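Student: One structure follows; several queries about it will come next.
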Number of protein chains: 2
Amino acid sequence: MNTYMSGQGAPMNAEQAEKTVEYTPTPRVEIITIGDEILIGQVVDTNSAWIGQELSMAGWQVGRIQSVADEPEEILEALSLALSRAKLVILTGGLGPTRDDRTKSCLTDFFGGQLQTNPAVLSKIENWFAQRGKDPGDANRRQAELPDNAQILSNDLGTAQGMLWERGDCMVVSLPGVPYEMKHLIHDRLLPILSQKVKTPTLLHHTYITCGMVESVIAETIAEWELGLPDNIRLAYLPSPGMVRLRLSASGRPAPELEKLLLSLGNGLRNLLGHHICGMENERLPDAIGAALIRLNATVGLAESCTGGEIARLLTSVAGCSRYFRGGIIAYHNDLKSELLNVPTDVLSSHGAVSAETVAAMASGTLSQLNCDYAVSISGIAGPDGGSADKPVGTVWIGLHGPNTTVQRHYQLGGTRDLIQHRAAMSALYLLWKMLQEDLISKEK
Amino acid sequence: MNTYMSGQGAPMNAEQAEKTVEYTPTPRVEIITIGDEILIGQVVDTNSAWIGQELSMAGWQVGRIQSVADEPEEILEALSLALSRAKLVILTGGLGPTRDDRTKSCLTDFFGGQLQTNPAVLSKIENWFAQRGKDPGDANRRQAELPDNAQILSNDLGTAQGMLWERGDCMVVSLPGVPYEMKHLIHDRLLPILSQKVKTPTLLHHTYITCGMVESVIAETIAEWELGLPDNIRLAYLPSPGMVRLRLSASGRPAPELEKLLLSLGNGLRNLLGHHICGMENERLPDAIGAALIRLNATVGLAESCTGGEIARLLTSVAGCSRYFRGGIIAYHNDLKSELLNVPTDVLSSHGAVSAETVAAMASGTLSQLNCDYAVSISGIAGPDGGSADKPVGTVWIGLHGPNTTVQRHYQLGGTRDLIQHRAAMSALYLLWKMLQEDLISKEK
């Protein structure tokens, strides 16, 4: 029942192309990453996330990721399980020239084949080293020993070749673990083969970035809308400090209809969440702020205290931010709030450094000192010490001074010191973003 | 055969403590991370790497990592497989308040229990929201519905509680997927329980933080020392931008002998690497700098440009930094370098903003403007645009002005914008740390 192919990444012929299998629902792919360094956490497995993204976009459903030790029995157990559930299994890693990499021989055995020297691959490896004036050595020469029952996926970027076996209607692909080699083999070798062999249902994703609302409040706000989602639509909440991404996934056919459906559902979401939606896909809040400032032809400056530079760091993570970012003053000590930002000492003494009055004065001081159009100021207690009954750890005041509006807002934030700092900075950016949206609307009216 | 416990993270009583199981060899733990966002690659699973590291250090062998969809049948299949192979299974994710999180009810069913409202947890959640003047809403109230057959691992940082079930001699732990909540529950709840219940072979680690030297140079410097390491000692290089941690692990018994061996090996390392070792274990460079400034009874101030607040953020990540951190000026625009830091305009025009002369003037301006003992200044080209043949992207000048010494130093850094910013900030902190060490030595002579 097994169909074996050989040859080095040859294009499909007409007969093979006719064998295209059409799957409904989405066929399942599983990923197996091999390597002790992944299990003990010395290396974060980024390969499987990348493969998951690519295969999802190609219409496959990623059903399971397994990370296993570089031991034949572990690899084969994981593979057998994956084969019992999926139509495609992609393994990465364990193909290096060193002795602790045993994937190739164990997979060749499993599929009943034998390793044989592949002359084309051997001469490619020898040429590669010769061009650099080196001898490949035995370890690299052994990379040309390849299974006689697999299709070879030729690797232009390294010595470890990709291998593809078929068993029944399942495919098993083994790829090197080096990220750029793996990506090359998936993009240039595997995906073209898959698109000829398998017709998958379309799967589309739209992701909305929300700020200024926690997951549970979003869930309540959109509960009715969520309950009304069609069966082929799934919604995922992806929270991270200071923001929640909402991902809508649509499956089925045809693609243009799905795209239309996602857009109309997205409009419903926009109506419910309003300016809490501040971007799409992988856009971040600092990017959205930068784009808005450029449209307004305006600049921004900062006065930070408890966040200690975190707001500036977020804004300056955007390439080209010098078009709108003037700079910032980190007035960590109170006397610097007076000396550098002109906060009157009696404001500090009567209201305290963490107060509406102080952040208002910091913001207006920033406008004049940094000569900017928008000023953001922040003062708070990041902890773990320094809190009081009146102003506990997590108390934060944020001030904004724009051309049309002045805002001071109080927050009570939770978490560790790092988190309070990051959440305070994200809250300040969210307030700035909201003010910029309002100014854009009135300007473009 | 099942042993169930209940109660909210209660300390072990004597009877439970007596049940300690001693394992040789190392017992196996498996990790299951739950969430569609991991499978489709929208989120890189960093949790399992972190758990793998912590559990390895606690003497467990990480045998398998599985990532599964948030579907009861997928979760239970993965769990059954893991239970058949391991003594401990840690699941993360799928515990949020929204509809797409189904882990809690499916695990409770699996272990034959029922969800019941836990009054203590409910009042904690209600208090948390009440303190912020908010109502938790139904979704968050449901977070207090907990299995009646699990030990609850109380979560101080969020609404999703950890849960621990026992079946035979296996333990199953379910934790929220939010990284800082997961880390809190493992450090403060799970590891103390494990250390009482399970005696793993002794494994001791000493970790040395090195700065200012890349991995390959360290390897060459300590090559001979490394070759002489005893068989029961392993050395791991853990590089991250701007620093390399060297972890020495000793296995065997008795513990006091191992500790002595590690200390003597560490002395050898210190002799070879000198002031490139700037901390131990989880101490970070900002902590070491803070401790040195306190010993010197001195303060520090910053003038940043290309790093956009990153140095300040690193220094203010230390609790209590107000004892020595005065503040900083982020003079991103050149005119602010003159206006706020008194850099003469002819220095800027004749030498450019990225030059030894400019960072020297920025540092001395910082001393007077911020009234501090040590000043650190930085100016560079973080990219991706703005480079020239003369000063390519990654060109960075760092200036230091201390009571005894003035330094300007040039760096040529590689990587993306984010990485160049972080590496530049770490290089500045390393130079500051070295200067503080020299001043401490001359002061304490």
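In the structure tokens, chains take the letters A, B, ... in the order shown, each chain's residues start at 1, and ligands count up from 1 in the order shown.
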Pick out the residues sitting within 10 Å of segment 380-382 of chain A, and hand them over as an MDAnalysis selection string; count only C-alpha atoms, and ignore anything fewer than 3 positions along from it in its own chain.
Tutor: (chainID A and resid 304:308 353:355 359 385:388 391:398 410:422 424) or (chainID B and resid 316:317 319:320)
Student: Take the selection from the previous step and output its residues with C-alpha atoms, as a short mmCIF file (atom, residue, chain, number, x, y, z; two decimals), in the first residue's frame.
Tutor:
data_model
loop_
_atom_site.label_atom_id
_atom_site.label_comp_id
_atom_site.auth_asym_id
_atom_site.auth_seq_id
_atom_site.Cartn_x
_atom_site.Cartn_y
_atom_site.Cartn_z
CA GLU A 304 8.45 60.03 32.62
CA SER A 305 8.94 59.13 36.23
CA CYS A 306 7.80 55.68 37.41
CA THR A 307 8.04 54.16 33.91
CA GLY A 308 11.72 55.11 33.79
CA ALA A 353 4.52 63.73 43.04
CA VAL A 354 1.80 61.22 42.17
CA SER A 355 -1.17 63.49 41.52
CA VAL A 359 1.31 65.30 35.88
CA ASP A 385 7.97 49.63 48.13
CA GLY A 386 6.83 53.23 48.34
CA GLY A 387 3.07 52.64 48.55
CA SER A 388 0.74 54.02 51.23
CA LYS A 391 -1.66 55.78 47.24
CA PRO A 392 -0.92 52.06 47.12
CA VAL A 393 1.64 50.44 44.83
CA GLY A 394 0.21 50.56 41.31
CA THR A 395 -1.22 54.07 41.65
CA VAL A 396 -0.43 55.91 38.44
CA TRP A 397 -1.37 59.34 37.11
CA ILE A 398 -1.01 60.06 33.41
CA HIS A 410 -5.80 57.98 37.31
CA TYR A 411 -5.03 54.26 37.05
CA GLN A 412 -4.73 51.55 39.66
CA LEU A 413 -2.56 48.85 38.11
CA GLY A 414 -1.62 45.37 39.34
CA GLY A 415 1.34 43.03 38.95
CA THR A 416 5.05 43.05 39.58
CA ARG A 417 7.21 46.18 39.26
CA ASP A 418 8.08 45.37 35.62
CA LEU A 419 4.44 44.78 34.75
CA ILE A 420 3.19 47.93 36.43
CA GLN A 421 5.80 49.89 34.50
CA HIS A 422 4.85 48.26 31.20
CA ALA A 424 1.46 52.20 32.80
CA THR B 316 14.79 51.55 36.84
CA SER B 317 13.81 47.90 36.63
CA ALA B 319 13.30 48.10 43.01
CA GLY B 320 14.64 50.90 45.21
#
Student: Could you work out which residues of chain B fall inside 6 Å of chain A? Count only C-alpha atoms, and format the result as a count of residues only.
Tutor: 29
Student: Report, in Å with one decimal, the straight-line distance from atom CA of Leu107 of chain A to atom CA of Ile186 of chain A.
Tutor: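 Going from atom CA of Leu107 of chain A over to atom CA of Ile186 of chain A covers 19.0 Å.
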Student: As an exercise, work out the distance from atom CA of His351 of chain A to atom CA of Gly399 of chain A in Å and give it to one decimal place.
Tutor: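 Atom CA of Gly399 of chain A lies at a distance of 14.7 Å from atom CA of His351 of chain A.
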Student: Please determine, counting only C-alpha atoms, which residue among B:Leu76, B:Ile294, B:Ile233, B:Val244 has the shortest atom-to-atom distance to Asp109 of chain B.
Tutor: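 Selected residue with least distance to Asp109 of chain B: B:Leu76.
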Student: From the list B:Gly59, B:Trp128, B:Asn232, B:Gly96, which residue is nearest Glu257 of chain B when using only C-alpha atoms?
Tutor: B:Asn232
Student: Excluding Ser338 of chain B and residues on its chain fewer than 5 positions from it, collect all residues at most 9 Å away from it, counting only C-alpha atoms, and give them as a list in words.
Tutor: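 Contacts, with the query itself left out: Ala331, Val343, Pro344, Thr345, Leu348 and Met362 of chain B.
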Student: Could you please take those selected residues and save C-alpha atoms as a CSV table (one decimal), in the first residue's frame?
Tutor:
chain,number,residue,atom,x,y,z
B,331,ALA,CA,17.7,64.0,23.6
B,343,VAL,CA,26.3,70.4,23.9
B,344,PRO,CA,27.9,73.3,21.9
B,345,THR,CA,26.3,73.5,18.5
B,348,LEU,CA,27.5,68.9,16.7
B,362,MET,CA,26.5,65.1,26.6
Student: Among segment 91-206 of chain A, which residues carry a DSSP assignment of strand (DSSP E or B), reported as a PyMOL selection string?
Tutor: chain A and resi 91-92+115-117+145-147+151-153+162-167+170-175+198-199+202-206
Student: Mind the document's chain letters and residue numbers, and return as a ChimeraX atom specification the residues of segment 150-308 of chain B that DSSP labels helix (DSSP H, G or I).
Tutor: /B:179-197,215-221,223-227,255-276,285-296
Student: Could you check the closest approach to Thr117 of chain B for each of B:Arg253, B:Arg141, B:Arg132, B:Arg28 and tell me which residue wins, using only C-alpha atoms?
Tutor: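 Of B:Arg253, B:Arg141, B:Arg132, B:Arg28, the one nearest Thr117 of chain B, counting only C-alpha atoms, is B:Arg141.
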Student: What does the distance from atom CA of Leu263 of chain B to atom CA of Ser249 of chain B come to in Å, to one decimal?
Tutor: 11.4 Å
Student: Of the candidates B:Pro286, B:Cys211, B:Leu191, B:Leu269, which one gets nearest to Gly228 of chain B if we count only C-alpha atoms?
Tutor: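 Closest to Gly228 of chain B, using only C-alpha atoms: B:Leu269.
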Student: Using only C-alpha atoms, determine which residues lie at most 12 Å from Glu71 of chain A, disregarding the query and same-chain residues fewer than 6 positions distant; provide the list as a VMD selection string.
Tutor: (chain A and resid 34 to 36 77 to 78 93 to 94 99 to 107) or (chain B and resid 63 to 64)
Student: Restricting the calculation to only C-alpha atoms: of B:Asn267, B:Ser251, B:Ser368, B:Gln114, which residue gets closest to Val300 of chain B?
Tutor: B:Ser368
